[in-house]
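Novice: run.cif (mmCIF, C-alpha atoms) pasted underneath:
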```
data_model
loop_
_atom_site.label_atom_id
_atom_site.label_comp_id
_atom_site.auth_asym_id
_atom_site.auth_seq_id
_atom_site.Cartn_x
_atom_site.Cartn_y
_atom_site.Cartn_z
CA MET A 1045 -20.01 9.08 18.15
CA SER A 1046 -21.76 10.01 14.96
CA PHE A 1047 -21.09 12.17 11.93
CA SER A 1048 -23.64 14.93 12.49
CA ALA A 1049 -24.40 17.78 10.14
CA ALA A 1050 -22.24 20.10 12.21
CA THR A 1051 -20.07 22.62 10.44
CA THR A 1052 -17.00 21.88 12.55
CA GLN A 1053 -13.88 21.75 10.40
CA PRO A 1054 -11.52 18.79 10.79
CA LEU A 1055 -8.45 19.90 12.70
CA ARG A 1056 -5.09 19.96 10.98
CA LEU A 1057 -2.74 17.49 12.59
CA ASN A 1058 0.62 18.44 14.05
CA THR A 1059 -0.47 22.04 14.55
CA THR A 1060 -1.29 24.20 17.52
CA ALA A 1061 -4.96 23.57 16.92
CA GLY A 1062 -4.45 19.84 16.74
CA ALA A 1063 -2.41 19.81 19.93
CA ALA A 1064 -5.04 21.84 21.76
CA ALA A 1065 -7.78 19.51 20.62
CA ARG A 1066 -5.95 16.51 22.05
CA SER A 1067 -5.89 18.23 25.45
CA ASN A 1068 -8.91 19.11 27.56
CA ASP A 1069 -8.73 22.76 26.55
CA LYS A 1070 -11.36 24.23 24.29
CA VAL A 1071 -9.99 25.03 20.86
CA PRO A 1072 -10.27 28.74 19.99
CA SER A 1073 -12.40 29.29 16.91
CA SER A 1074 -9.66 31.47 15.46
CA LEU A 1075 -7.44 28.42 15.19
CA LEU A 1076 -10.09 26.41 13.41
CA MET A 1077 -10.63 29.08 10.79
CA SER A 1078 -7.06 30.27 10.27
CA LYS A 1079 -6.57 31.82 6.86
CA THR A 1080 -3.19 30.15 6.31
CA PRO A 1081 -3.30 26.86 8.24
CA SER A 1082 -0.28 24.58 8.20
CA PHE A 1083 -1.23 21.15 6.95
CA LEU A 1084 0.07 17.61 6.86
CA GLY A 1085 2.99 18.22 9.19
CA SER A 1086 4.61 20.57 6.68
CA THR A 1087 6.23 23.86 7.64
CA ARG A 1088 4.88 25.39 4.44
CA LYS A 1089 1.54 27.18 4.32
CA LEU A 1090 -1.37 26.75 2.00
CA ARG A 1091 -1.89 29.51 -0.49
CA PRO A 1092 -2.68 32.87 1.19
CA GLY A 1093 -6.30 33.85 1.49
CA CYS A 1094 -7.57 30.29 1.45
CA VAL A 1095 -10.57 30.46 3.77
CA ALA A 1096 -12.78 27.52 4.71
CA ALA A 1097 -15.84 27.38 2.49
CA LYS A 1098 -19.23 28.19 3.96
CA PRO A 1099 -21.51 25.19 4.28
CA ASN A 1100 -24.18 24.73 1.66
CA ALA A 1101 -27.48 25.42 3.37
CA GLN A 1102 -29.33 23.02 1.09
CA ARG A 1103 -26.87 20.16 1.41
CA ARG A 1104 -25.54 19.91 4.93
CA SER A 1105 -22.98 17.11 4.82
CA ALA A 1106 -21.57 15.59 7.97
CA VAL A 1107 -18.07 16.82 8.75
CA VAL A 1108 -16.42 16.07 12.04
CA SER A 1109 -13.28 16.77 13.96
CA VAL A 1110 -11.74 13.43 14.78
CA SER A 1111 -10.14 14.61 17.99
CA GLU A 1112 -13.54 15.82 19.19
CA ALA A 1113 -15.09 12.47 18.23
CA VAL A 1114 -12.52 10.60 20.28
CA LYS A 1115 -13.06 12.92 23.26
CA GLU A 1116 -16.82 12.29 22.95
CA LYS A 1117 -16.17 8.56 23.03
CA LYS A 1118 -13.99 8.93 26.11
CA ALA A 1119 -16.61 10.99 27.90
CA SER A 1120 -19.40 8.51 27.23
CA ALA A 1121 -17.47 5.38 28.17
CA SER A 1122 -17.74 4.43 31.81
CA THR A 1123 -14.24 2.96 31.84
CA ASN A 1124 -12.65 5.74 29.77
CA LEU A 1125 -11.11 3.03 27.58
CA LEU A 1126 -11.32 3.14 23.81
CA ILE A 1127 -10.66 -0.61 23.53
CA THR A 1128 -10.93 -3.73 25.62
CA ARG A 1129 -7.97 -5.93 26.45
CA GLU A 1130 -8.96 -8.43 23.75
CA GLU A 1131 -9.32 -5.68 21.15
CA GLY A 1132 -5.98 -4.18 22.10
CA LEU A 1133 -4.18 -7.50 21.68
CA GLU A 1134 -5.93 -8.12 18.35
CA LEU A 1135 -4.92 -4.69 17.04
CA TYR A 1136 -1.35 -5.10 18.24
CA GLU A 1137 -0.95 -8.55 16.70
CA ASP A 1138 -2.34 -7.42 13.35
CA MET A 1139 -0.11 -4.34 13.20
CA VAL A 1140 3.02 -6.26 14.21
CA LEU A 1141 2.22 -8.95 11.66
CA GLY A 1142 1.93 -6.31 8.93
CA ARG A 1143 5.18 -4.57 9.90
CA ALA A 1144 7.20 -7.76 10.33
CA PHE A 1145 5.81 -9.25 7.11
CA GLU A 1146 6.94 -6.23 5.11
CA ASP A 1147 10.38 -6.27 6.72
CA MET A 1148 10.68 -9.93 5.73
CA CYS A 1149 9.60 -9.04 2.19
CA ALA A 1150 12.47 -6.57 1.97
CA GLN A 1151 14.93 -9.30 3.00
CA MET A 1152 13.53 -11.77 0.49
CA TYR A 1153 13.49 -9.18 -2.30
CA TYR A 1154 17.15 -8.36 -1.86
CA ARG A 1155 17.95 -12.07 -1.77
CA GLY A 1156 16.37 -12.48 -5.18
CA LYS A 1157 13.29 -14.39 -4.04
CA MET A 1158 10.87 -11.75 -5.39
CA PHE A 1159 10.82 -9.94 -8.70
CA GLY A 1160 9.31 -6.79 -10.17
CA PHE A 1161 8.13 -3.85 -8.10
CA VAL A 1162 7.38 -4.47 -4.43
CA HIS A 1163 5.70 -1.65 -2.48
CA LEU A 1164 5.87 -1.93 1.30
CA TYR A 1165 3.39 -0.63 3.87
CA ASN A 1166 5.68 0.14 6.83
CA GLY A 1167 4.30 3.04 8.88
CA GLN A 1168 0.73 2.85 7.59
CA GLU A 1169 -0.42 -0.14 9.66
CA ALA A 1170 -2.88 1.86 11.77
CA VAL A 1171 -5.06 2.47 8.70
CA SER A 1172 -5.31 -1.15 7.57
CA THR A 1173 -5.80 -2.50 11.08
CA GLY A 1174 -8.11 0.31 12.20
CA PHE A 1175 -10.53 -0.28 9.34
CA ILE A 1176 -10.29 -3.90 8.23
CA LYS A 1177 -10.40 -5.50 11.68
CA LEU A 1178 -13.90 -4.01 12.04
CA THR A 1179 -15.22 -5.73 8.93
CA LYS A 1180 -17.10 -9.01 8.58
CA GLN A 1181 -16.05 -11.94 6.43
CA GLU A 1182 -18.69 -10.96 3.83
CA ASP A 1183 -17.47 -7.36 3.57
CA THR A 1184 -15.31 -6.47 0.59
CA VAL A 1185 -11.88 -4.86 0.56
CA VAL A 1186 -10.37 -3.31 -2.56
CA SER A 1187 -6.72 -2.36 -2.36
CA THR A 1188 -3.90 -0.82 -4.40
CA TYR A 1189 -0.43 -1.98 -5.42
CA ARG A 1190 0.52 -1.62 -1.71
CA ASP A 1191 -1.73 -4.52 -0.79
CA HIS A 1192 0.17 -7.12 1.25
CA VAL A 1193 -0.93 -5.82 4.66
CA HIS A 1194 -4.54 -5.22 3.59
CA SER A 1195 -4.60 -8.90 2.60
CA LEU A 1196 -3.22 -10.02 5.95
CA SER A 1197 -5.66 -7.82 7.89
CA LYS A 1198 -8.55 -9.34 5.91
CA GLY A 1199 -7.46 -12.80 6.98
CA VAL A 1200 -5.50 -14.13 4.00
CA PRO A 1201 -2.89 -16.49 5.53
CA ALA A 1202 0.70 -15.24 5.57
CA ARG A 1203 1.71 -18.44 3.75
CA GLU A 1204 -0.51 -17.59 0.78
CA VAL A 1205 0.60 -13.97 0.58
CA MET A 1206 4.30 -14.84 0.80
CA SER A 1207 3.93 -17.61 -1.77
CA GLU A 1208 2.24 -15.19 -4.13
CA LEU A 1209 5.15 -12.80 -3.74
CA PHE A 1210 7.51 -15.69 -4.53
CA GLY A 1211 5.46 -16.44 -7.66
CA LYS A 1212 4.57 -19.93 -6.46
CA ALA A 1213 1.55 -22.10 -7.24
CA THR A 1214 0.48 -22.08 -3.58
CA GLY A 1215 0.00 -18.30 -3.59
CA CYS A 1216 -3.43 -16.74 -3.21
CA CYS A 1217 -3.43 -16.15 -7.01
CA ARG A 1218 -1.48 -19.32 -7.84
CA GLY A 1219 1.59 -17.19 -8.50
CA GLN A 1220 -0.02 -15.23 -11.34
CA GLY A 1221 -0.74 -12.02 -9.46
CA GLY A 1222 2.45 -11.17 -7.63
CA SER A 1223 2.98 -8.26 -5.29
CA MET A 1224 0.49 -5.82 -6.81
CA HIS A 1225 -2.43 -8.16 -7.54
CA MET A 1226 -3.39 -9.96 -4.35
CA PHE A 1227 -6.83 -11.57 -4.55
CA SER A 1228 -8.82 -13.97 -2.40
CA LYS A 1229 -12.41 -14.86 -3.15
CA ALA A 1230 -12.69 -16.70 0.17
CA HIS A 1231 -11.83 -13.51 2.08
CA ASN A 1232 -13.64 -11.07 -0.24
CA LEU A 1233 -10.40 -9.33 -1.14
CA ILE A 1234 -10.89 -8.36 -4.77
CA GLY A 1235 -7.56 -6.71 -5.52
CA GLY A 1236 -4.70 -5.47 -5.55
CA PHE A 1237 -4.75 -3.03 -8.49
CA ALA A 1238 -1.48 -1.85 -9.99
CA PHE A 1239 -2.77 1.29 -11.72
CA ILE A 1240 -3.88 4.07 -9.44
CA GLY A 1241 -7.61 4.70 -9.43
CA GLU A 1242 -8.65 1.52 -11.21
CA GLY A 1243 -9.77 -0.17 -8.00
CA ILE A 1244 -12.24 2.57 -7.07
CA PRO A 1245 -14.81 1.73 -9.81
CA VAL A 1246 -14.51 -1.96 -8.91
CA ALA A 1247 -15.18 -1.14 -5.26
CA THR A 1248 -18.13 1.02 -6.25
CA GLY A 1249 -19.51 -1.89 -8.27
CA ALA A 1250 -19.10 -4.23 -5.29
CA ALA A 1251 -21.02 -1.78 -3.12
CA PHE A 1252 -23.74 -1.52 -5.77
CA SER A 1253 -23.97 -5.32 -5.78
CA SER A 1254 -24.63 -5.31 -2.03
CA LYS A 1255 -27.35 -2.69 -2.37
CA TYR A 1256 -28.93 -4.49 -5.35
CA ARG A 1257 -29.02 -7.81 -3.53
CA ARG A 1258 -30.67 -6.22 -0.52
CA GLU A 1259 -33.19 -3.93 -2.21
CA VAL A 1260 -33.97 -5.70 -5.50
CA LEU A 1261 -33.33 -9.35 -4.75
CA LYS A 1262 -34.77 -8.87 -1.24
CA GLN A 1263 -31.84 -10.51 0.56
CA ALA A 1264 -32.58 -8.89 3.89
CA ASP A 1265 -29.43 -10.18 5.53
CA CYS A 1266 -27.16 -8.59 2.91
CA ASP A 1267 -25.73 -5.61 4.78
CA HIS A 1268 -22.25 -6.02 3.32
CA VAL A 1269 -19.92 -3.02 3.21
CA THR A 1270 -17.06 -2.24 0.83
CA LEU A 1271 -13.81 -0.52 1.80
CA ALA A 1272 -11.94 1.16 -1.05
CA PHE A 1273 -8.32 2.00 -0.20
CA PHE A 1274 -6.26 4.38 -2.31
CA GLY A 1275 -3.62 7.07 -1.97
CA ASP A 1276 -3.45 10.84 -2.11
CA GLY A 1277 -2.21 10.80 -5.71
CA THR A 1278 -5.32 8.90 -6.80
CA ALA A 1279 -7.56 11.64 -5.39
CA ASN A 1280 -6.64 13.78 -8.40
CA ASN A 1281 -7.90 11.20 -10.90
CA GLY A 1282 -11.22 11.21 -12.70
CA GLN A 1283 -12.40 7.79 -11.50
CA PHE A 1284 -12.30 9.08 -7.93
CA PHE A 1285 -14.72 11.93 -8.63
CA GLU A 1286 -17.02 9.87 -10.82
CA CYS A 1287 -17.36 7.18 -8.17
CA LEU A 1288 -17.92 9.67 -5.36
CA ASN A 1289 -20.82 10.99 -7.40
CA MET A 1290 -22.28 7.53 -8.07
CA ALA A 1291 -21.88 6.39 -4.48
CA ALA A 1292 -23.58 9.50 -3.09
CA LEU A 1293 -26.33 9.46 -5.72
CA TRP A 1294 -27.24 5.84 -4.99
CA LYS A 1295 -26.33 5.87 -1.27
CA LEU A 1296 -24.01 2.93 -1.73
CA PRO A 1297 -22.58 1.08 1.31
CA ILE A 1298 -18.96 2.05 0.73
CA VAL A 1299 -16.19 3.83 2.63
CA PHE A 1300 -13.56 5.60 0.55
CA VAL A 1301 -10.34 5.41 2.57
CA VAL A 1302 -7.61 7.79 1.43
CA GLU A 1303 -4.22 6.70 2.74
CA ASN A 1304 -2.57 10.09 2.42
CA ASN A 1305 1.10 9.33 2.99
CA LEU A 1306 1.95 12.79 1.62
CA TRP A 1307 3.91 11.56 -1.39
CA ALA A 1308 2.82 10.22 -4.79
CA ILE A 1309 6.06 8.37 -5.60
CA GLY A 1310 8.38 11.41 -5.58
CA MET A 1311 5.77 14.16 -5.87
CA SER A 1312 4.80 15.98 -2.69
CA HIS A 1313 1.07 16.01 -2.11
CA LEU A 1314 1.21 19.75 -1.40
CA ARG A 1315 2.55 20.38 -4.91
CA ALA A 1316 0.21 18.03 -6.74
CA THR A 1317 -3.28 19.28 -5.92
CA SER A 1318 -5.02 22.64 -5.77
CA ASP A 1319 -6.48 21.91 -2.35
CA PRO A 1320 -4.54 19.32 -0.34
CA GLU A 1321 -7.39 18.74 2.13
CA ILE A 1322 -8.88 15.70 0.42
CA TRP A 1323 -11.69 15.24 2.96
CA LYS A 1324 -13.37 18.37 1.57
CA LYS A 1325 -14.23 16.53 -1.62
CA GLY A 1326 -16.73 14.40 0.31
CA PRO A 1327 -19.12 17.21 1.27
CA ALA A 1328 -18.89 18.51 -2.30
CA PHE A 1329 -20.69 15.33 -3.37
CA GLY A 1330 -23.07 15.23 -0.44
CA MET A 1331 -21.31 12.72 1.78
CA PRO A 1332 -19.42 13.12 5.07
CA GLY A 1333 -15.76 14.03 4.75
CA VAL A 1334 -13.48 13.23 7.68
CA HIS A 1335 -9.80 13.85 8.37
CA VAL A 1336 -8.11 11.54 10.89
CA ASP A 1337 -4.65 10.98 12.29
CA GLY A 1338 -3.64 7.86 10.37
CA MET A 1339 -0.72 7.24 12.72
CA ASP A 1340 -3.11 6.53 15.62
CA VAL A 1341 -4.98 3.23 15.28
CA LEU A 1342 -7.46 4.16 18.01
CA LYS A 1343 -8.53 7.36 16.27
CA VAL A 1344 -8.74 5.56 12.94
CA ARG A 1345 -10.82 2.84 14.56
CA GLU A 1346 -13.34 5.29 16.04
CA VAL A 1347 -13.89 6.94 12.66
CA ALA A 1348 -14.03 3.56 10.92
CA LYS A 1349 -16.72 2.34 13.32
CA GLU A 1350 -19.04 5.18 12.42
CA ALA A 1351 -18.27 5.15 8.68
CA ILE A 1352 -18.78 1.38 8.40
CA GLY A 1353 -21.87 1.60 10.62
CA ARG A 1354 -23.40 4.29 8.41
CA ALA A 1355 -22.82 2.16 5.32
CA ARG A 1356 -24.26 -0.94 6.97
CA ARG A 1357 -27.36 0.95 8.08
CA GLY A 1358 -27.99 2.12 4.53
CA GLU A 1359 -27.05 5.74 5.20
CA GLY A 1360 -24.58 5.93 2.33
CA PRO A 1361 -20.87 6.47 1.71
CA THR A 1362 -18.19 8.30 3.67
CA LEU A 1363 -14.86 9.76 2.56
CA VAL A 1364 -12.13 9.35 5.18
CA GLU A 1365 -8.72 10.96 4.73
CA CYS A 1366 -6.11 9.23 6.90
CA GLU A 1367 -2.94 11.27 7.22
CA THR A 1368 -0.19 8.68 7.44
CA TYR A 1369 3.40 8.17 6.31
CA ARG A 1370 5.38 5.36 4.73
CA PHE A 1371 8.69 4.61 6.42
CA ARG A 1372 10.33 3.26 3.26
CA GLY A 1373 10.64 4.49 -0.29
CA HIS A 1374 7.81 4.23 -2.80
CA SER A 1375 9.01 0.73 -3.67
CA LEU A 1376 12.07 -1.34 -2.88
CA ALA A 1377 13.61 0.03 -6.08
CA ASP A 1378 13.26 3.61 -4.76
CA PRO A 1379 16.39 5.02 -3.03
CA ASP A 1380 14.09 7.47 -1.19
CA GLU A 1381 16.32 10.50 -1.66
CA LEU A 1382 13.61 13.08 -2.35
CA ARG A 1383 11.98 13.31 1.06
CA ASP A 1384 13.42 15.61 3.71
CA PRO A 1385 15.24 13.59 6.44
CA ALA A 1386 13.66 15.86 9.07
CA GLU A 1387 10.19 14.99 7.75
CA LYS A 1388 10.98 11.28 7.86
CA ALA A 1389 12.31 11.59 11.40
CA HIS A 1390 9.20 13.51 12.47
CA TYR A 1391 6.87 10.72 11.39
CA ALA A 1392 9.18 7.93 12.55
CA ALA A 1393 8.81 9.38 16.05
CA ARG A 1394 5.05 8.89 15.71
CA ASP A 1395 5.29 5.15 14.94
CA PRO A 1396 1.72 3.77 15.23
CA ILE A 1397 2.83 0.49 16.80
CA THR A 1398 4.84 2.29 19.48
CA ALA A 1399 1.85 4.53 20.19
CA LEU A 1400 -0.48 1.53 20.62
CA LYS A 1401 2.00 -0.22 22.93
CA LYS A 1402 2.16 2.91 25.06
CA TYR A 1403 -1.63 3.02 25.32
CA ILE A 1404 -1.80 -0.67 26.24
CA PHE A 1405 0.78 -0.26 29.01
CA GLU A 1406 -0.67 3.00 30.36
CA HIS A 1407 -4.11 1.40 30.72
CA ASN A 1408 -2.85 -1.97 31.99
CA LEU A 1409 -4.43 -3.89 29.13
CA ALA A 1410 -1.49 -6.27 28.81
CA SER A 1411 2.01 -6.84 30.15
CA GLU A 1412 5.27 -6.50 28.29
CA GLN A 1413 5.69 -10.28 28.46
CA GLU A 1414 2.34 -10.79 26.71
CA LEU A 1415 3.32 -8.48 23.87
CA LYS A 1416 6.69 -10.18 23.56
CA ALA A 1417 4.86 -13.48 23.28
CA ILE A 1418 2.89 -12.04 20.35
CA ASP A 1419 6.13 -10.81 18.75
CA LYS A 1420 7.58 -14.32 19.05
CA LYS A 1421 4.43 -15.84 17.57
CA ILE A 1422 4.65 -13.51 14.58
CA ASP A 1423 8.31 -14.39 14.03
CA GLU A 1424 7.37 -18.06 13.90
CA VAL A 1425 4.49 -17.37 11.50
CA LEU A 1426 6.82 -15.54 9.13
CA GLU A 1427 9.56 -18.14 9.29
CA ASP A 1428 6.96 -20.75 8.40
CA ALA A 1429 5.59 -18.58 5.58
CA VAL A 1430 9.02 -18.10 4.01
CA GLU A 1431 9.88 -21.79 4.31
CA PHE A 1432 6.52 -22.77 2.84
CA ALA A 1433 6.87 -20.31 -0.06
CA ASP A 1434 10.44 -21.32 -0.80
CA GLU A 1435 9.58 -25.01 -0.94
CA SER A 1436 6.37 -24.59 -2.93
CA PRO A 1437 6.38 -25.48 -6.65
CA LEU A 1438 6.36 -22.98 -9.46
CA PRO A 1439 3.14 -22.82 -11.51
CA PRO A 1440 3.06 -25.27 -14.44
CA ARG A 1441 3.64 -23.75 -17.85
CA SER A 1442 0.15 -24.83 -18.86
CA GLN A 1443 -1.24 -22.30 -16.38
CA LEU A 1444 0.18 -19.41 -18.43
CA LEU A 1445 -2.95 -18.77 -20.49
CA GLU A 1446 -5.55 -19.64 -17.87
CA ASN A 1447 -7.84 -16.79 -16.82
CA VAL A 1448 -6.70 -14.80 -19.85
CA PHE A 1449 -9.26 -15.61 -22.54
CA ALA A 1450 -13.00 -16.09 -22.16
CA ASP A 1451 -12.79 -18.83 -24.81
CA PRO A 1452 -9.32 -20.35 -24.48
CA LYS A 1453 -9.96 -22.71 -27.42
CA GLY A 1454 -9.72 -19.69 -29.69
CA PHE A 1455 -6.05 -19.22 -28.86
CA GLY A 1456 -4.78 -20.95 -25.76
CA ILE A 1457 -5.83 -24.50 -26.62
CA GLY A 1458 -4.99 -26.20 -29.91
CA PRO A 1459 -7.22 -28.46 -32.03
CA ASP A 1460 -5.92 -31.50 -30.17
CA GLY A 1461 -7.24 -30.10 -26.87
CA ARG A 1462 -3.78 -29.38 -25.47
CA TYR A 1463 -2.50 -25.96 -24.48
CA ARG A 1464 -0.55 -24.39 -27.32
CA CYS A 1465 2.17 -23.40 -24.86
CA GLU A 1466 2.90 -27.12 -24.33
CA ASP A 1467 3.87 -27.46 -27.99
CA PRO A 1468 7.68 -27.44 -28.26
CA LYS A 1469 7.36 -25.04 -31.20
CA PHE A 1470 5.35 -22.53 -29.12
CA THR A 1471 8.40 -20.42 -28.28
CA GLN A 1472 10.30 -20.79 -31.53
CA GLY A 1473 11.80 -17.48 -32.56
CA THR A 1474 11.59 -16.01 -29.08
CA ALA A 1475 14.41 -15.45 -26.62
CA LYS A 1476 15.00 -18.03 -23.95
CA VAL A 1477 14.16 -16.69 -20.47
#
```
Go ahead and render the structure in this file as structure tokens.
Specialist:
Amino acid sequence: MSFSAATTQPLRLNTTAGAAARSNDKVPSSLLMSKTPSFLGSTRKLRPGCVAAKPNAQRRSAVVSVSEAVKEKKASASTNLLITREEGLELYEDMVLGRAFEDMCAQMYYRGKMFGFVHLYNGQEAVSTGFIKLTKQEDTVVSTYRDHVHSLSKGVPAREVMSELFGKATGCCRGQGGSMHMFSKAHNLIGGFAFIGEGIPVATGAAFSSKYRREVLKQADCDHVTLAFFGDGTANNGQFFECLNMAALWKLPIVFVVENNLWAIGMSHLRATSDPEIWKKGPAFGMPGVHVDGMDVLKVREVAKEAIGRARRGEGPTLVECETYRFRGHSLADPDELRDPAEKAHYAARDPITALKKYIFEHNLASEQELKAIDKKIDEVLEDAVEFADESPLPPRSQLLENVFADPKGFGIGPDGRYRCEDPKFTQGTAKV
């Protein structure tokens, strides 16, 4: 599979065209170029008269139909399997770990073990697993405030992530980052960013670093790739457009992964942007734009393989829009009353973990007992993580001002060499917490 310069339009999911593409029938061209296509599983239509733009003859960007790409993969594989047994078990374990971890977070939050805003990833596991499990240790991942599962997929131990959520010294950020600021230098996870859009420039800089090391410093083995994850709401922000331009201009080794879960907190994606098909913004900057079913880990994985491969080969960036859905509210403080129950039920029926299990069973990749053994293993991992986090110490007060000032002696450390916060008078006049 490759992203050619074809003019094929990505198929809208959950539509007649999408259903036809998943079968062996040829999709009528009239369905691909419908003037009022339904989009994103919604019963509403895009604005009347919205016709697909004609390709720019001078800048032919690669745009593919994901369903066609997957069919191409099936046709070329002698076994007709998209994954091996080992790959299937790895994907399943990672997705179950992500789902179970977030469910445990909800329990701990309501028991008062976590504080502040906690944003869970339930329902979106196919995106994290489909992309990150294809990366190397040296590759970089940049996440958002919904970053727990990205961290786990990148290899950060569940103990460290849970401890960070508990605000403990054994967390991956020593308890100073919390839910929205996961970080691990050892795993090349450089955030966790609480404000939408702020991670994209950082990811672009990481990709530039890889290119600079390879081309200027002549580090021939530096083929590192950066994955930048962000949501549909972020795709309306200026940093997004600026970084698409930079990445395309300099052919940076980066994949922009839009986790379009259809809602920016309580704002429907269809109401928030002039053109809800985010993938189109890629070709506008001269890079491939791809739309994929983000509830299907195998489809995500096929697109991720090509996008990451392009970046690693020095062929530049790719914009991938993954249509997914979160099964919980925006955060654990969100009562989730704005979304239509029918819409939630529709996507719940397309649970990505259930879909992967079905594929594994249908192709005899593993038995039910083997998957249950993985489930049991994950339960034990999470019980251990919670116990470890609960018993871990809180950060010392002296850690409060570390990593805050470039020259801590100017404020954080007194003339006697001790941290000012250790002075009993440090909090005089302030409320006791």
Novice: With the PyMOL selection byres ((chain A and resi 1223) around 12) as the selection, what would be picked from this file? Answer as a VMD selection string, please.
Specialist: chain A and resid 1146 1149 1153 1158 to 1165 1187 to 1193 1195 1204 to 1212 1215 to 1217 1219 to 1222 1224 to 1227 1235 to 1238 1375 to 1376
Novice: If the PyMOL selection byres ((chain A and resi 1353) around 12) were run on this exact file, what residues would it hold? Put them as a ChimeraX atom specification.
Specialist: /A:1045-1047,1175,1178-1180,1267-1270,1297-1299,1345-1352,1354-1362
Novice: Could those residues be written to a file, using C-alpha atoms, as a CSV table (one decimal), keeping the file's coordinate frame?
Specialist:
```csv
chain,number,residue,atom,x,y,z
A,1045,MET,CA,-20.0,9.1,18.2
A,1046,SER,CA,-21.8,10.0,15.0
A,1047,PHE,CA,-21.1,12.2,11.9
A,1175,PHE,CA,-10.5,-0.3,9.3
A,1178,LEU,CA,-13.9,-4.0,12.0
A,1179,THR,CA,-15.2,-5.7,8.9
A,1180,LYS,CA,-17.1,-9.0,8.6
A,1267,ASP,CA,-25.7,-5.6,4.8
A,1268,HIS,CA,-22.2,-6.0,3.3
A,1269,VAL,CA,-19.9,-3.0,3.2
A,1270,THR,CA,-17.1,-2.2,0.8
A,1297,PRO,CA,-22.6,1.1,1.3
A,1298,ILE,CA,-19.0,2.0,0.7
A,1299,VAL,CA,-16.2,3.8,2.6
A,1345,ARG,CA,-10.8,2.8,14.6
A,1346,GLU,CA,-13.3,5.3,16.0
A,1347,VAL,CA,-13.9,6.9,12.7
A,1348,ALA,CA,-14.0,3.6,10.9
A,1349,LYS,CA,-16.7,2.3,13.3
A,1350,GLU,CA,-19.0,5.2,12.4
A,1351,ALA,CA,-18.3,5.2,8.7
A,1352,ILE,CA,-18.8,1.4,8.4
A,1354,ARG,CA,-23.4,4.3,8.4
A,1355,ALA,CA,-22.8,2.2,5.3
A,1356,ARG,CA,-24.3,-0.9,7.0
A,1357,ARG,CA,-27.4,1.0,8.1
A,1358,GLY,CA,-28.0,2.1,4.5
A,1359,GLU,CA,-27.0,5.7,5.2
A,1360,GLY,CA,-24.6,5.9,2.3
A,1361,PRO,CA,-20.9,6.5,1.7
A,1362,THR,CA,-18.2,8.3,3.7
```
Novice: Can you give me, as an MDAnalysis selection string, the residues this file yields under the PyMOL selection byres ((chain A and resi 1426) around 10)?
Specialist: chainID A and resid 1141 1144:1145 1148:1149 1202:1203 1206 1421:1425 1427:1432
Novice: Between CA of His1374 in chain A and CA of Phe1273 in chain A, what is the spacing in Å?
Specialist: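 Atom-to-atom, CA of Phe1273 in chain A to CA of His1374 in chain A, that is 16.5 Å.
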Novice: Need the shell around Asn1305 in chain A: protein/DNA/RNA residues with any atom at most 8 Å away, counting only C-alpha atoms. Skip same-chain ones fewer than 5 positions apart. Format as a list in words?
Specialist: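 Here the qualifying residues turn out to be Gln1168, Gly1275, Asp1276, Glu1367, Thr1368, Tyr1369 and Arg1370 of chain A.
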Novice: Report, in Å to a single decimal, how far apart CA of Lys1177 in chain A and CA of Glu1286 in chain A are.
Specialist: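 Interatomic distance, CA of Glu1286 in chain A to CA of Lys1177 in chain A: 28.0 Å.
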Novice: Compare A:Val1246, A:Cys1287, A:Leu1382, A:Leu1342 by their minimum atom-to-atom distance to Ile1397 in chain A, counting only C-alpha atoms, and give me the closest one.
Specialist: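 Smallest separation from Ile1397 in chain A among the options: A:Leu1342.
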Novice: Select, counting only C-alpha atoms, all protein, DNA and RNA residues no farther than 12 Å from (12.0, 9.0, 6.4) in file coordinates, and express the selection as a ChimeraX atom specification.
Specialist: /A:1166-1167,1305-1307,1369-1374,1379-1395
Novice: Any idea what the distance is between CA of Ala1399 in chain A and CA of Arg1129 in chain A?
Specialist: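 Atom-to-atom, CA of Ala1399 in chain A and CA of Arg1129 in chain A are spaced 15.7 Å apart.
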Novice: From the list A:Ala1279, A:Ile1322, A:Leu1400, A:Leu1233, which residue is nearest Leu1196 in chain A when using only C-alpha atoms?
Specialist: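 Between A:Ala1279, A:Ile1322, A:Leu1400, A:Leu1233, the residue approaching Leu1196 in chain A most closely is A:Leu1233.
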Novice: Taking all atoms listed in the file into account, name the residue in A:Lys1469, A:Lys1157, A:Lys1255, A:Lys1324 that is nearest to Ala1291 in chain A.
Specialist: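 Between A:Lys1469, A:Lys1157, A:Lys1255, A:Lys1324, the residue approaching Ala1291 in chain A most closely is A:Lys1255.
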Novice: Which one is closest to Leu1133 in chain A: A:Val1448, A:Leu1438, A:Ala1417, A:Met1290? Count all atoms listed in the file.
Specialist: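 Of the candidates, the smallest distance to Leu1133 in chain A is held by A:Ala1417.
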Novice: Just checking: using only C-alpha atoms, which residue out of A:Tyr1136, A:Phe1252, A:Tyr1403, A:Phe1285 ends up closest to Gly1326 in chain A?
Specialist: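 Among the listed residues, the smallest separation from Gly1326 in chain A belongs to A:Phe1285.
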Novice: Got a sec to check which residues sit within 12 Å of (-3.0, -1.3, 28.1), counting all atoms listed in the file, and write them as number ranges by chain?
Specialist: A: 1125-1133, 1135-1136, 1399-1412, 1414-1415
Novice: Quick one: what's the axis-aligned box for range 1281-1292 of chain A, all listed atoms, 6 Å on every side, centre and edges in Å to one decimal, as AutoDock Vina command-line options?
Specialist:
```
--center_x -15.7 --center_y 9.2 --center_z -7.9 --size_x 27.7 --size_y 17.5 --size_z 21.6
```
